[in-house]
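Chemist: If you scroll down you'll find the structure; I have some questions about it.
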Amino acid sequence: MEGIDTGLSALRRGGDPDLDAARAVAELVRSLGGRAWLVGGCVRDALLGRPCHDFDLEVYGVPAARLEAALEARWPLDRVGASFGVVKLRHRDVDIALPRRENREGAGHRDFSIASDPELSPAEAAARRDFTINAVMADPLSLEILDPWNGVADLRAGVLRHVSGHFAEDALRVLRGMQFLARLPFLAPAPETVALCASMTQEALPRERLAGEWEKLLLQGAAPSRGLAFLRACGWLRFYPELAALVGVPQDPVFHPEGDVWTHTLLALDAAAALRRGSREDDLAVAAAALCHDLGKPAATARGEDGRWHAYDHENLGVAPARAFVARLWNQAGLEDLVARLVAQHMRPVQLVLSGAGDRAYRRLAVDVGRPDLLADVVECDVRATAAPGSDPAAHESLAIVRAYRERCAALAVDRAPPKPIVMGRDLVARRLTPGPAFGPILAACYEAQLAGEIRDRATGAAFLDALLASRHPGRS
């Protein structure tokens with residue numbers, strides 16, 4: 001990559017309270033006879049000419065107790081990472097750590113003994129970082145660059161390379177590579193890094209740590225497909241059998257000129273990145289559903305009597321594997337249920353538009369999926385992923401169908417949620433009915449009438465309810 005900013009202009013600006021605080025800490029450390037270096041993502045982003053939003057400092061030459069006492073005299077501290085030798089300036093995005101030695105004591109992600117060592121050399125400390133592009137250090141006062149592992153050269157060449165053999169001590173770094181390749185799509189993994197990752201396993205990693213890296217892929221990746229391609233290259237699809245099953249599943253080239261189901265899924269996931277709304281919950285649901293929408297195709301795909309590939313009912317067959325994939329990463333029942341509904345219903349919007357369906361069908365779909373707006377996003381991802389190679393996905397003719405679905409839902413006021421019931425239990429109580437199991441069928445009948453357009457407001461709801469009760473209890477006044 002050209003244009004690496006070795007002058008670190010992003011770290012020269014004034015007026016940023018977090019950067020100013022980092023500089024103040026560095027000045028304090030210098031007064032104690034030590035030196036503080038900015039490390040990690042803030043230096044990488046500065047080299048790329050991007051704004052820096054949080055600052056990690058590594059302090060050399062000052063014992064831990066003396067450093068903490070000096071910091072505490074000037075700033076309120078949070079010790080959320082104290083067991084790892086890390087403290088935070090409260091109300092500032094500034095983390096301060098001493099260089100540390102780590103020794104593996106088991107197979108688990110947390111099975112390390114950690115000891116801070118302010119006399120450790122920067123090169124030794126950087127050897128335990130994940131990738132060379134994250135092992136570049138910068139003095140926040142002089143902006144001198146320290147690059148013991150040639151991270152600047154790798155950044156300029158567009159290479160994601162592990163720093164050292166210590167990389168293999170933490171398998172989570174494979175997923176960090178996945179999300180870095182998605183977030184920085186100009187990077188390509190070094191062959192030796194792919195080979196090392198292939199020798200590692202995620203089996204001892206806790207679910208919440210896995211979810212954190214997947215969320216960065218799905219919510220921050222400019223090209224999430226590149227992260228998944230990396231997982232495939234290093235053999236890590238074996239930990240996600242629902243995704244591995246997509247590779248090589250054929251599709252009818254008339255409707256899917258892009259290729260097999262795996263290729264289609266990667267394109268759909270990239271399309272989801274372009275539709276982000278800025279809401280973690282919504283964006284995660286759409287991205288996960290785009291990733292999972294065709295998980296039923298491996299079981300459904302067969303060649304028909306016409307000689308063409310078909311995947312009948314794949315949307316329903318995909319619900320179980322979609323649930324399994326989401327549950328493997330997130331302990332969020334709401335997310336799992338929403339993704340399952342989006343997967344199950346992703347074929348219906350196009351069917352409704354092409355069949356000229358009435359208002360009731362749109363309202364019913366809103367009830368079945370819960371979030372028609374997110375369903376429209378998933379369908380748009382699906383459509384954009386079927387564009388012919390080399391063509392403009394934004395010009396896909398089927399996008400007009402998606403727009404028609406969105407417009408119809410908006411006109412019926414069901415674009416973000418199903419209709420709220422007009423007839424409620426209190427209306428039955430007002431008619432001197434005793435609450436109990438009999439309420440359910442009556443309210444269900446009223447809601448179905450509302451979906452059909454027979455109940456439009458309180459007045460038509462009251463009339464329908466009275467007629468219904470009269471038909472069920474002749475002679476009732």
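Residues are referred to by chain and number: the chain letter is A, B, ... according to the order shown in the structure tokens, the number counts from 1 in that chain, and ligands are numbered separately from 1 in the order shown.
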Could you list, as a PDB file with C-alpha atoms, in the first residue's frame, every residue within 10 Å of A:Ala394, counting only C-alpha atoms and ignoring same-chain residues fewer than 3 positions away?

Modeler:
```pdb
ATOM      1  CA  ALA A 271     -23.585  -6.437   0.477  1.00  0.00           C
ATOM      2  CA  GLU A 380     -31.415  -6.970  -0.962  1.00  0.00           C
ATOM      3  CA  VAL A 383     -30.298 -10.035  -4.766  1.00  0.00           C
ATOM      4  CA  ARG A 384     -27.039  -8.102  -4.977  1.00  0.00           C
ATOM      5  CA  ALA A 387     -25.216 -10.151 -10.059  1.00  0.00           C
ATOM      6  CA  SER A 391     -21.473  -6.283 -13.465  1.00  0.00           C
ATOM      7  CA  GLU A 397     -33.102  -5.469 -12.017  1.00  0.00           C
ATOM      8  CA  SER A 398     -34.488  -7.400  -9.043  1.00  0.00           C
ATOM      9  CA  LEU A 399     -33.683  -4.482  -6.743  1.00  0.00           C
TER      10      LEU A 399
END
```

Chemist: For A:Val194, find every residue with an atom within 10 Å (counting only C-alpha atoms), except residues of its own chain fewer than 3 positions away, and show them as an NGL selection string.

Modeler: :A and (160-162 or 174 or 177 or 189-191 or 197-199 or 230-235)

Chemist: As an MDAnalysis selection string, please: the residues near stretch 322-334 of chain A (cut-off 12 Å, only C-alpha atoms, same-chain neighbours under 3 positions excluded).

Modeler: chainID A and resid 203 205:215 237 239:244 281:282 284:285 287:297 314:319 337:344 370

Chemist: May I have the selected residues written with N, CA and C atoms, as a CSV table (one decimal), in the first residue's frame?

Modeler:
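Dumped to result_17.csv:
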```csv
chain,number,residue,atom,x,y,z
A,203,GLU,N,-10.7,-24.8,19.9
A,203,GLU,CA,-11.6,-25.6,20.8
A,203,GLU,C,-11.5,-25.1,22.2
A,205,LEU,N,-11.3,-21.9,23.2
A,205,LEU,CA,-11.6,-20.5,23.2
A,205,LEU,C,-13.0,-20.3,23.8
A,206,PRO,N,-13.2,-19.4,24.7
A,206,PRO,CA,-14.6,-19.2,25.2
A,206,PRO,C,-15.5,-18.5,24.2
A,207,ARG,N,-16.8,-18.8,24.2
A,207,ARG,CA,-17.7,-18.3,23.2
A,207,ARG,C,-17.7,-16.7,23.1
A,208,GLU,N,-17.6,-16.1,24.3
A,208,GLU,CA,-17.7,-14.6,24.2
A,208,GLU,C,-16.5,-14.0,23.5
A,209,ARG,N,-15.4,-14.6,23.6
A,209,ARG,CA,-14.2,-14.1,22.8
A,209,ARG,C,-14.3,-14.4,21.3
A,210,LEU,N,-14.9,-15.5,21.0
A,210,LEU,CA,-15.2,-15.8,19.6
A,210,LEU,C,-16.1,-14.8,19.0
A,211,ALA,N,-17.2,-14.5,19.8
A,211,ALA,CA,-18.2,-13.6,19.3
A,211,ALA,C,-17.7,-12.2,19.1
A,212,GLY,N,-16.7,-11.8,20.0
A,212,GLY,CA,-16.1,-10.4,19.8
A,212,GLY,C,-15.4,-10.3,18.5
A,213,GLU,N,-14.7,-11.3,18.1
A,213,GLU,CA,-14.0,-11.2,16.8
A,213,GLU,C,-15.0,-11.3,15.6
A,214,TRP,N,-16.0,-12.1,15.7
A,214,TRP,CA,-17.0,-12.2,14.7
A,214,TRP,C,-17.8,-10.9,14.5
A,215,GLU,N,-18.0,-10.3,15.6
A,215,GLU,CA,-18.7,-9.0,15.6
A,215,GLU,C,-17.9,-8.0,14.8
A,237,LEU,N,-12.7,-23.4,8.7
A,237,LEU,CA,-14.1,-23.7,8.4
A,237,LEU,C,-14.5,-25.0,9.1
A,239,PHE,N,-14.4,-25.6,12.1
A,239,PHE,CA,-15.0,-25.3,13.3
A,239,PHE,C,-16.4,-24.7,13.1
A,240,TYR,N,-16.8,-24.4,11.8
A,240,TYR,CA,-18.1,-23.9,11.5
A,240,TYR,C,-18.7,-24.7,10.4
A,241,PRO,N,-19.1,-26.0,10.7
A,241,PRO,CA,-19.6,-26.9,9.7
A,241,PRO,C,-20.7,-26.4,8.9
A,242,GLU,N,-21.6,-25.5,9.4
A,242,GLU,CA,-22.7,-25.0,8.6
A,242,GLU,C,-22.1,-24.2,7.4
A,243,LEU,N,-21.0,-23.5,7.7
A,243,LEU,CA,-20.4,-22.7,6.6
A,243,LEU,C,-19.6,-23.6,5.6
A,244,ALA,N,-18.9,-24.5,6.2
A,244,ALA,CA,-18.1,-25.4,5.4
A,244,ALA,C,-18.9,-26.2,4.4
A,281,GLU,N,-27.6,-4.0,17.1
A,281,GLU,CA,-28.5,-5.1,17.1
A,281,GLU,C,-29.0,-5.3,15.7
A,282,ASP,N,-29.4,-4.3,15.0
A,282,ASP,CA,-30.0,-4.4,13.7
A,282,ASP,C,-28.9,-4.9,12.7
A,284,LEU,N,-26.1,-6.4,13.2
A,284,LEU,CA,-25.7,-7.8,13.5
A,284,LEU,C,-26.7,-8.8,13.0
A,285,ALA,N,-28.0,-8.5,13.2
A,285,ALA,CA,-29.0,-9.4,12.7
A,285,ALA,C,-29.0,-9.6,11.2
A,287,ALA,N,-26.4,-8.9,9.1
A,287,ALA,CA,-25.2,-9.6,8.7
A,287,ALA,C,-25.2,-11.1,8.9
A,288,ALA,N,-25.7,-11.4,10.2
A,288,ALA,CA,-25.8,-12.9,10.5
A,288,ALA,C,-26.8,-13.6,9.6
A,289,ALA,N,-27.9,-12.9,9.3
A,289,ALA,CA,-28.9,-13.6,8.4
A,289,ALA,C,-28.4,-13.7,7.0
A,290,ALA,N,-27.6,-12.7,6.5
A,290,ALA,CA,-27.0,-12.7,5.2
A,290,ALA,C,-26.1,-13.9,5.1
A,291,LEU,N,-25.3,-14.1,6.2
A,291,LEU,CA,-24.3,-15.2,6.2
A,291,LEU,C,-25.0,-16.5,6.3
A,292,CYS,N,-26.2,-16.6,6.9
A,292,CYS,CA,-26.9,-17.9,7.2
A,292,CYS,C,-28.0,-18.1,6.2
A,293,HIS,N,-28.4,-17.2,5.3
A,293,HIS,CA,-29.6,-17.3,4.6
A,293,HIS,C,-29.8,-18.5,3.7
A,294,ASP,N,-28.6,-19.1,3.3
A,294,ASP,CA,-28.7,-20.2,2.4
A,294,ASP,C,-28.1,-21.5,3.0
A,295,LEU,N,-28.1,-21.5,4.4
A,295,LEU,CA,-27.5,-22.7,5.0
A,295,LEU,C,-28.3,-24.0,4.8
A,296,GLY,N,-29.5,-23.8,4.3
A,296,GLY,CA,-30.4,-25.0,4.0
A,296,GLY,C,-30.1,-25.6,2.6
A,297,LYS,N,-29.3,-24.9,1.8
A,297,LYS,CA,-29.1,-25.4,0.4
A,297,LYS,C,-28.3,-26.6,0.3
A,314,HIS,N,-35.3,-24.6,0.8
A,314,HIS,CA,-34.0,-24.4,1.5
A,314,HIS,C,-34.2,-23.3,2.6
A,315,GLU,N,-35.1,-22.4,2.4
A,315,GLU,CA,-35.3,-21.4,3.5
A,315,GLU,C,-35.7,-22.0,4.8
A,316,ASN,N,-36.6,-23.0,4.8
A,316,ASN,CA,-37.0,-23.6,6.0
A,316,ASN,C,-36.0,-24.6,6.5
A,317,LEU,N,-35.3,-25.3,5.6
A,317,LEU,CA,-34.3,-26.2,6.0
A,317,LEU,C,-33.1,-25.5,6.6
A,318,GLY,N,-33.0,-24.2,6.3
A,318,GLY,CA,-31.8,-23.4,6.8
A,318,GLY,C,-32.0,-22.9,8.2
A,319,VAL,N,-33.2,-23.1,8.8
A,319,VAL,CA,-33.5,-22.5,10.1
A,319,VAL,C,-32.6,-23.2,11.2
A,337,ASP,N,-33.4,-16.0,17.5
A,337,ASP,CA,-34.8,-16.1,17.0
A,337,ASP,C,-35.0,-15.2,15.8
A,338,LEU,N,-34.5,-14.0,15.9
A,338,LEU,CA,-34.6,-13.0,14.8
A,338,LEU,C,-33.9,-13.5,13.5
A,339,VAL,N,-32.7,-14.0,13.7
A,339,VAL,CA,-32.0,-14.5,12.5
A,339,VAL,C,-32.7,-15.7,11.9
A,340,ALA,N,-33.3,-16.6,12.8
A,340,ALA,CA,-34.0,-17.7,12.3
A,340,ALA,C,-35.2,-17.3,11.5
A,341,ARG,N,-35.9,-16.3,12.0
A,341,ARG,CA,-37.1,-15.8,11.2
A,341,ARG,C,-36.7,-15.1,9.9
A,342,LEU,N,-35.6,-14.4,9.9
A,342,LEU,CA,-35.1,-13.8,8.7
A,342,LEU,C,-34.8,-14.8,7.6
A,343,VAL,N,-34.1,-15.9,8.1
A,343,VAL,CA,-33.7,-16.9,7.2
A,343,VAL,C,-35.0,-17.6,6.6
A,344,ALA,N,-35.9,-17.9,7.5
A,344,ALA,CA,-37.1,-18.7,7.1
A,344,ALA,C,-38.0,-17.9,6.1
A,370,GLY,N,-41.4,-10.3,12.1
A,370,GLY,CA,-41.2,-9.4,13.2
A,370,GLY,C,-40.5,-8.1,12.8
```

Chemist: Could you list, as number ranges by chain, every residue within 12 Å of A:Leu443, counting only C-alpha atoms and ignoring same-chain residues fewer than 5 positions away?

Modeler: A: 421-429, 435-438, 448-450, 461-462, 464-465, 468-469

Chemist: Of the candidates A:Ala64, A:Ala444, A:Val94, A:Leu184, which shows the shortest atom-to-atom distance to A:Arg44, using only C-alpha atoms?

Modeler: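 Using only C-alpha atoms, A:Arg44 sits closest to A:Leu184.
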
Chemist: When you draw a straight line from atom CA of A:Leu217 to atom CA of A:Val87, how long is it in Å?

Modeler: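 Calculated distance between atom CA of A:Leu217 and atom CA of A:Val87 is 27.3 Å.
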
Chemist: Please run DSSP on the backbone and report, as a list in words, all residues within stretch 191-430 of chain A that come out as strand (DSSP E).

Modeler: Ala302, Arg303, Trp309 and His310 of chain A

Chemist: Write the residues you've just listed into a file as a PDB file, in the first residue's frame, and include N, CA and C atoms for each of them.

Modeler:
```pdb
ATOM      1  N   ALA A 302     -30.664 -30.304  -5.409  1.00  0.00           N
ATOM      2  CA  ALA A 302     -30.720 -31.520  -6.229  1.00  0.00           C
ATOM      3  C   ALA A 302     -30.996 -31.118  -7.673  1.00  0.00           C
ATOM      4  N   ARG A 303     -30.591 -31.966  -8.594  1.00  0.00           N
ATOM      5  CA  ARG A 303     -30.862 -31.696 -10.007  1.00  0.00           C
ATOM      6  C   ARG A 303     -32.266 -32.202 -10.338  1.00  0.00           C
ATOM      7  N   TRP A 309     -30.326 -27.275 -11.493  1.00  0.00           N
ATOM      8  CA  TRP A 309     -30.199 -27.359 -10.042  1.00  0.00           C
ATOM      9  C   TRP A 309     -31.316 -26.593  -9.364  1.00  0.00           C
ATOM     10  N   HIS A 310     -31.929 -27.218  -8.364  1.00  0.00           N
ATOM     11  CA  HIS A 310     -32.984 -26.584  -7.568  1.00  0.00           C
ATOM     12  C   HIS A 310     -32.667 -26.782  -6.086  1.00  0.00           C
TER      13      HIS A 310
END
```

Chemist: Could you please determine the separation between atom CA of A:His166 and atom CA of A:Ala195 in Å, to one decimal place?

Modeler: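 Atom CA of A:Ala195 lies 14.4 Å from atom CA of A:His166.
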